[in-house]
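Report on one structure; see the data block that follows.
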Amino acid sequence: MTAPSDKTRVLTGITTTGTPHLGNYVGAIKPAIAASQDPSVQSYYFLADLHALIKCQDPQRVQESRLEIAATWLALGLDTDNAIFYRQSDVPEIPELTWMLSCVCAKGLMNRAHAYKAAVAENEDAGNQDPDKGITMGLFGYPVLMAADILMFNAHKVPVGRDQIQHIEMARDIGGRFNHLYKGQYFTQPEAVVDERVEVLGGLDGRKMSKSYNNTIPLFVSEKKLQKLVRKIKTNSLEPGEPKDPASCTLFQIFSAFATADETEAMRGEYANGIGWGEAKNRVFELLNEQLREPRERYQGLMEDPGHIERVLLQGAERARAEAAPFMDRLRQAAGLGRFV
């Protein structure tokens with residue numbers, strides 16, 4: 001493989017079924033972009049568009065989401081000279097490896113996958129005679145595709161949320177099984193990295209910011225729309241002059257996620273002094289608008305030049321395939337699928 005072996009390999013997949021919002025930025029994009037600028041790390045960031053087909057069969061939505069997400073990461077400063085940034089679907093070795101791994105993966109392992117078990121439980125709760133009603137092979141087998149994403153580049157670390165730890169463990173099991181069957185150390189054992197410091201932002205209604213709850217604030221809406229959305233954030237009925245608790249306030253949480261330590265402490269004092277909700281929302285809007293103004297302009301420019309985004313992704317895919325293609329040759333040889341001469 002061609003990347004420097006002394007670098008730690010970190011791989012992150014980005015699901016392409018929605019529009020990036022403030023919660024995505026704080027929880028995933030911001031720390032990942034910081035990591036992309038670390039010369040001691042070889043970072044792999046990919047648009048998980050093959051995974052998107054499991055949940056979304058709307059071609060226009062998948063296409064739009066891929067463009068929006070690529071533009072977002074580039075606008076926010078992803079270092080594509082250091083990091084390898086590519087579309088999953090541009091690396092055909094990944095689905096080929098998925099099939100090879102499927103052939104050594106026990107069905108029982110897939111039976112234990114959280115997403116599949118949840119879908120079966122939903123059918124059973126609904127009284128369906130077929131517990132697999134509506135469950136596709138994509139949903140059932142997607143942990144193998146995720147394993148291929150990780151093992152193709154022998155990632156050492158995979159930053160994930162707690163709900164994804166099982167998939168990294170499955171990748172370890174599947175890679176270890178392949179190594180055992182074909183008597184070689186083809187795959188390293190990836191490690192799940194869960195950063196407990198990563199913040200989960202609240203949304204407009206106080207619940208976790210998620211497109212599933214329709215309570216998000218998209219990153220690059222217009223200034224006018226951003227102000228309108230901030231004003232919709234749910235607050236309690238405390239009047240101006242009454243002390244307010246920052247610990248239980250979505251507004252304060254969003255503010256502190258974007259503010260400096262000094263700004264956060266100053267706002268904490270304002271809460272103790274009974275800042276009015278209208279004024280607090282104005283402060284949040286002003287802070288967000290100031291920090292997002294320049295990236296918003298870059299994002300809009302990128303969205304108007306999809307050809308540039310295409311070139312960046314194809315260059316990333318070329319770098320990814322420079323590793324994947326010779327590695328697949330080695331794996332084919334190991335499995336008896338090599339050339340005769």
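Order determines the names: the first chain of the structure tokens is A, the second B, and so forth; residues in each chain are numbered 1 upward, and ligands are numbered 1 upward as they are shown.
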Give me, as a tab-separated table, the closest atom pair and its distance (Å, one decimal) for every residue of stretch 207-231 of chain A within a cut-off of 9 Å of stretch 24-43 of chain A, counting only C-alpha atoms, rows sorted by chain and rising number.
residue	atom	partner	partner_atom	distance
A:Met209	CA	A:Asn24	CA	8.6
A:Ser210	CA	A:Asn24	CA	8.8
A:Leu219	CA	A:Tyr25	CA	7.8
query: Residues at most 12 Å from A:Leu288, counting only C-alpha atoms, excluding those fewer than 6 positions away in the same chain, as a PyMOL selection string?
result: chain A and resi 22+217-223+226-227+229-230+251+254-259+281-282+294-296
message: When DSSP is applied to the backbone of this structure, which of stretch 66-221 of chain A are assigned strand (DSSP E or B)? Write them out as a list in words.
response: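 Everything in stretch 66-221 of chain A that counts as strand (DSSP E or B) is Ile84, Phe85, Tyr86, Arg87, Lys157, Val158, Pro159, Glu191, Ala192, Val193, Gly202, Lys208 and Pro218 of chain A.
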Would you mind exporting the chosen residues as a PDB file, in the first residue's frame, restricted to N, CA, C and O atoms?
ATOM      1  N   ILE A  84      -7.557  12.252   2.220  1.00  0.00           N
ATOM      2  CA  ILE A  84      -8.075  11.666   0.981  1.00  0.00           C
ATOM      3  C   ILE A  84      -9.602  11.737   1.059  1.00  0.00           C
ATOM      4  O   ILE A  84     -10.218  11.134   1.942  1.00  0.00           O
ATOM      5  N   PHE A  85     -10.205  12.498   0.155  1.00  0.00           N
ATOM      6  CA  PHE A  85     -11.641  12.802   0.175  1.00  0.00           C
ATOM      7  C   PHE A  85     -12.249  12.238  -1.106  1.00  0.00           C
ATOM      8  O   PHE A  85     -11.888  12.657  -2.209  1.00  0.00           O
ATOM      9  N   TYR A  86     -13.164  11.284  -0.975  1.00  0.00           N
ATOM     10  CA  TYR A  86     -13.663  10.575  -2.146  1.00  0.00           C
ATOM     11  C   TYR A  86     -15.103  10.128  -1.958  1.00  0.00           C
ATOM     12  O   TYR A  86     -15.630  10.095  -0.851  1.00  0.00           O
ATOM     13  N   ARG A  87     -15.739   9.804  -3.074  1.00  0.00           N
ATOM     14  CA  ARG A  87     -17.052   9.166  -3.042  1.00  0.00           C
ATOM     15  C   ARG A  87     -16.858   7.659  -2.972  1.00  0.00           C
ATOM     16  O   ARG A  87     -16.076   7.095  -3.745  1.00  0.00           O
ATOM     17  N   LYS A 157      -8.011   3.751  13.249  1.00  0.00           N
ATOM     18  CA  LYS A 157      -9.014   4.366  14.123  1.00  0.00           C
ATOM     19  C   LYS A 157     -10.211   4.820  13.291  1.00  0.00           C
ATOM     20  O   LYS A 157     -10.042   5.365  12.196  1.00  0.00           O
ATOM     21  N   VAL A 158     -11.414   4.602  13.857  1.00  0.00           N
ATOM     22  CA  VAL A 158     -12.643   5.013  13.196  1.00  0.00           C
ATOM     23  C   VAL A 158     -13.493   5.781  14.210  1.00  0.00           C
ATOM     24  O   VAL A 158     -14.084   5.186  15.112  1.00  0.00           O
ATOM     25  N   PRO A 159     -13.530   7.112  14.102  1.00  0.00           N
ATOM     26  CA  PRO A 159     -14.361   7.890  15.034  1.00  0.00           C
ATOM     27  C   PRO A 159     -15.842   7.588  14.795  1.00  0.00           C
ATOM     28  O   PRO A 159     -16.336   7.697  13.667  1.00  0.00           O
ATOM     29  N   GLU A 191      -9.895   0.211  15.439  1.00  0.00           N
ATOM     30  CA  GLU A 191     -10.311   0.592  16.786  1.00  0.00           C
ATOM     31  C   GLU A 191     -11.373   1.675  16.699  1.00  0.00           C
ATOM     32  O   GLU A 191     -11.198   2.673  15.999  1.00  0.00           O
ATOM     33  N   ALA A 192     -12.475   1.472  17.409  1.00  0.00           N
ATOM     34  CA  ALA A 192     -13.512   2.505  17.490  1.00  0.00           C
ATOM     35  C   ALA A 192     -13.038   3.618  18.414  1.00  0.00           C
ATOM     36  O   ALA A 192     -12.504   3.350  19.489  1.00  0.00           O
ATOM     37  N   VAL A 193     -13.215   4.851  17.990  1.00  0.00           N
ATOM     38  CA  VAL A 193     -12.837   6.000  18.807  1.00  0.00           C
ATOM     39  C   VAL A 193     -14.106   6.787  19.116  1.00  0.00           C
ATOM     40  O   VAL A 193     -14.743   7.348  18.216  1.00  0.00           O
ATOM     41  N   GLY A 202     -28.808  20.371  20.959  1.00  0.00           N
ATOM     42  CA  GLY A 202     -30.255  20.333  20.951  1.00  0.00           C
ATOM     43  C   GLY A 202     -30.788  21.068  19.730  1.00  0.00           C
ATOM     44  O   GLY A 202     -30.123  21.944  19.169  1.00  0.00           O
ATOM     45  N   LYS A 208     -32.577  16.254  20.674  1.00  0.00           N
ATOM     46  CA  LYS A 208     -31.365  16.185  19.877  1.00  0.00           C
ATOM     47  C   LYS A 208     -31.628  16.711  18.468  1.00  0.00           C
ATOM     48  O   LYS A 208     -32.637  16.355  17.847  1.00  0.00           O
ATOM     49  N   PRO A 218     -30.077  24.208   9.417  1.00  0.00           N
ATOM     50  CA  PRO A 218     -29.065  23.931   8.400  1.00  0.00           C
ATOM     51  C   PRO A 218     -27.908  24.921   8.491  1.00  0.00           C
ATOM     52  O   PRO A 218     -28.104  26.094   8.819  1.00  0.00           O
TER      53      PRO A 218
END
- prompt: Could you work out how far atom CA of A:Leu292 lies from atom CA of A:Ala247, giving the answer in Å with one decimal?
  reply: 24.6 Å
task: Just give me the gap between atom CA of A:Thr16 and atom CA of A:Met170 in Å, one decimal is fine.
output: 22.6 Å
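Proximity of A:Phe140, A:Tyr44, A:Tyr299, A:Phe340 to A:Thr72, computed with only C-alpha atoms, is greatest for A:Tyr299.
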field: Polymer residues at most 6 Å from A:Ala48, only C-alpha atoms, same-chain spacing of 6 or more positions, as a ChimeraX atom specification
entry: /A:13-15,88
Serialized selection, C-alpha atoms, as a tab-separated table (two decimals), in the first residue's frame:
chain	number	residue	atom	x	y	z
A	13	GLY	CA	-17.79	7.99	6.43
A	14	ILE	CA	-20.33	10.74	5.79
A	15	THR	CA	-23.92	9.62	5.12
A	88	GLN	CA	-17.55	5.58	-1.96
message: Going by DSSP on the backbone, which residues of stretch 130-253 of chain A come out as helix (DSSP H, G or I)? List them as a ChimeraX atom specification.
response: /A:137-152,162-181,211-213,223-231,246-248,250-253
- prompt: Which residue out of A:Arg293, A:Arg231, A:Arg298, A:Arg321 has the minimum interatomic distance to A:Trp277 when only C-alpha atoms are used?
  reply: A:Arg231
Within 12 Å of stretch 99-122 of chain A, which residues of stretch 257-332 of chain A show up? Give each one with its shortest atom-to-atom distance in Å (one decimal) and the two atoms involved, counting only C-alpha atoms, rows by chain then rising residue number, as a Markdown table.
| residue | atom | partner | partner_atom | distance |
| --- | --- | --- | --- | --- |
| A:Met328 | CA | A:Met100 | CA | 10.2 |
| A:Leu331 | CA | A:Met100 | CA | 8.9 |
| A:Arg332 | CA | A:Met100 | CA | 8.9 |
Could the residues in this selection be saved with C-alpha atoms as a PDB file, in the first residue's frame?
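Wrote it out as part33.pdb, contents follow:
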ATOM      1  CA  MET A 328      -7.414  -5.996  -4.145  1.00  0.00           C
ATOM      2  CA  LEU A 331      -6.629 -10.221  -1.862  1.00  0.00           C
ATOM      3  CA  ARG A 332      -7.799 -11.850  -5.099  1.00  0.00           C
TER       4      ARG A 332
END
message: Please list as a VMD selection string every residue within 8 Å of A:Thr98, counting only C-alpha atoms and excluding residues in the same chain fewer than 3 positions away.
response: chain A and resid 94 to 95 101 to 102 144 to 145 147 to 148
Output C-alpha atoms for every residue in that selection, as a short mmCIF file (atom, residue, chain, number, x, y, z; two decimals), in the first residue's frame.
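Here's the written file out-v2.cif:
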data_model
loop_
_atom_site.label_atom_id
_atom_site.label_comp_id
_atom_site.auth_asym_id
_atom_site.auth_seq_id
_atom_site.Cartn_x
_atom_site.Cartn_y
_atom_site.Cartn_z
CA ILE A 94 -15.03 -1.46 -2.13
CA PRO A 95 -18.14 -3.38 -3.34
CA LEU A 101 -16.03 -10.39 3.08
CA SER A 102 -19.68 -11.51 2.81
CA VAL A 144 -20.27 -5.88 5.78
CA LEU A 145 -20.12 -2.88 3.44
CA ALA A 147 -16.36 -3.37 7.20
CA ALA A 148 -15.12 -3.15 3.60
#
- prompt: Near A:Leu313, counting only C-alpha atoms, which residues have an atom at most 10 Å away, once you skip same-chain residues fewer than 3 positions from it, shown as a ChimeraX atom specification?
  reply: /A:46-47,70,80,84-87,90,307-310,316-319
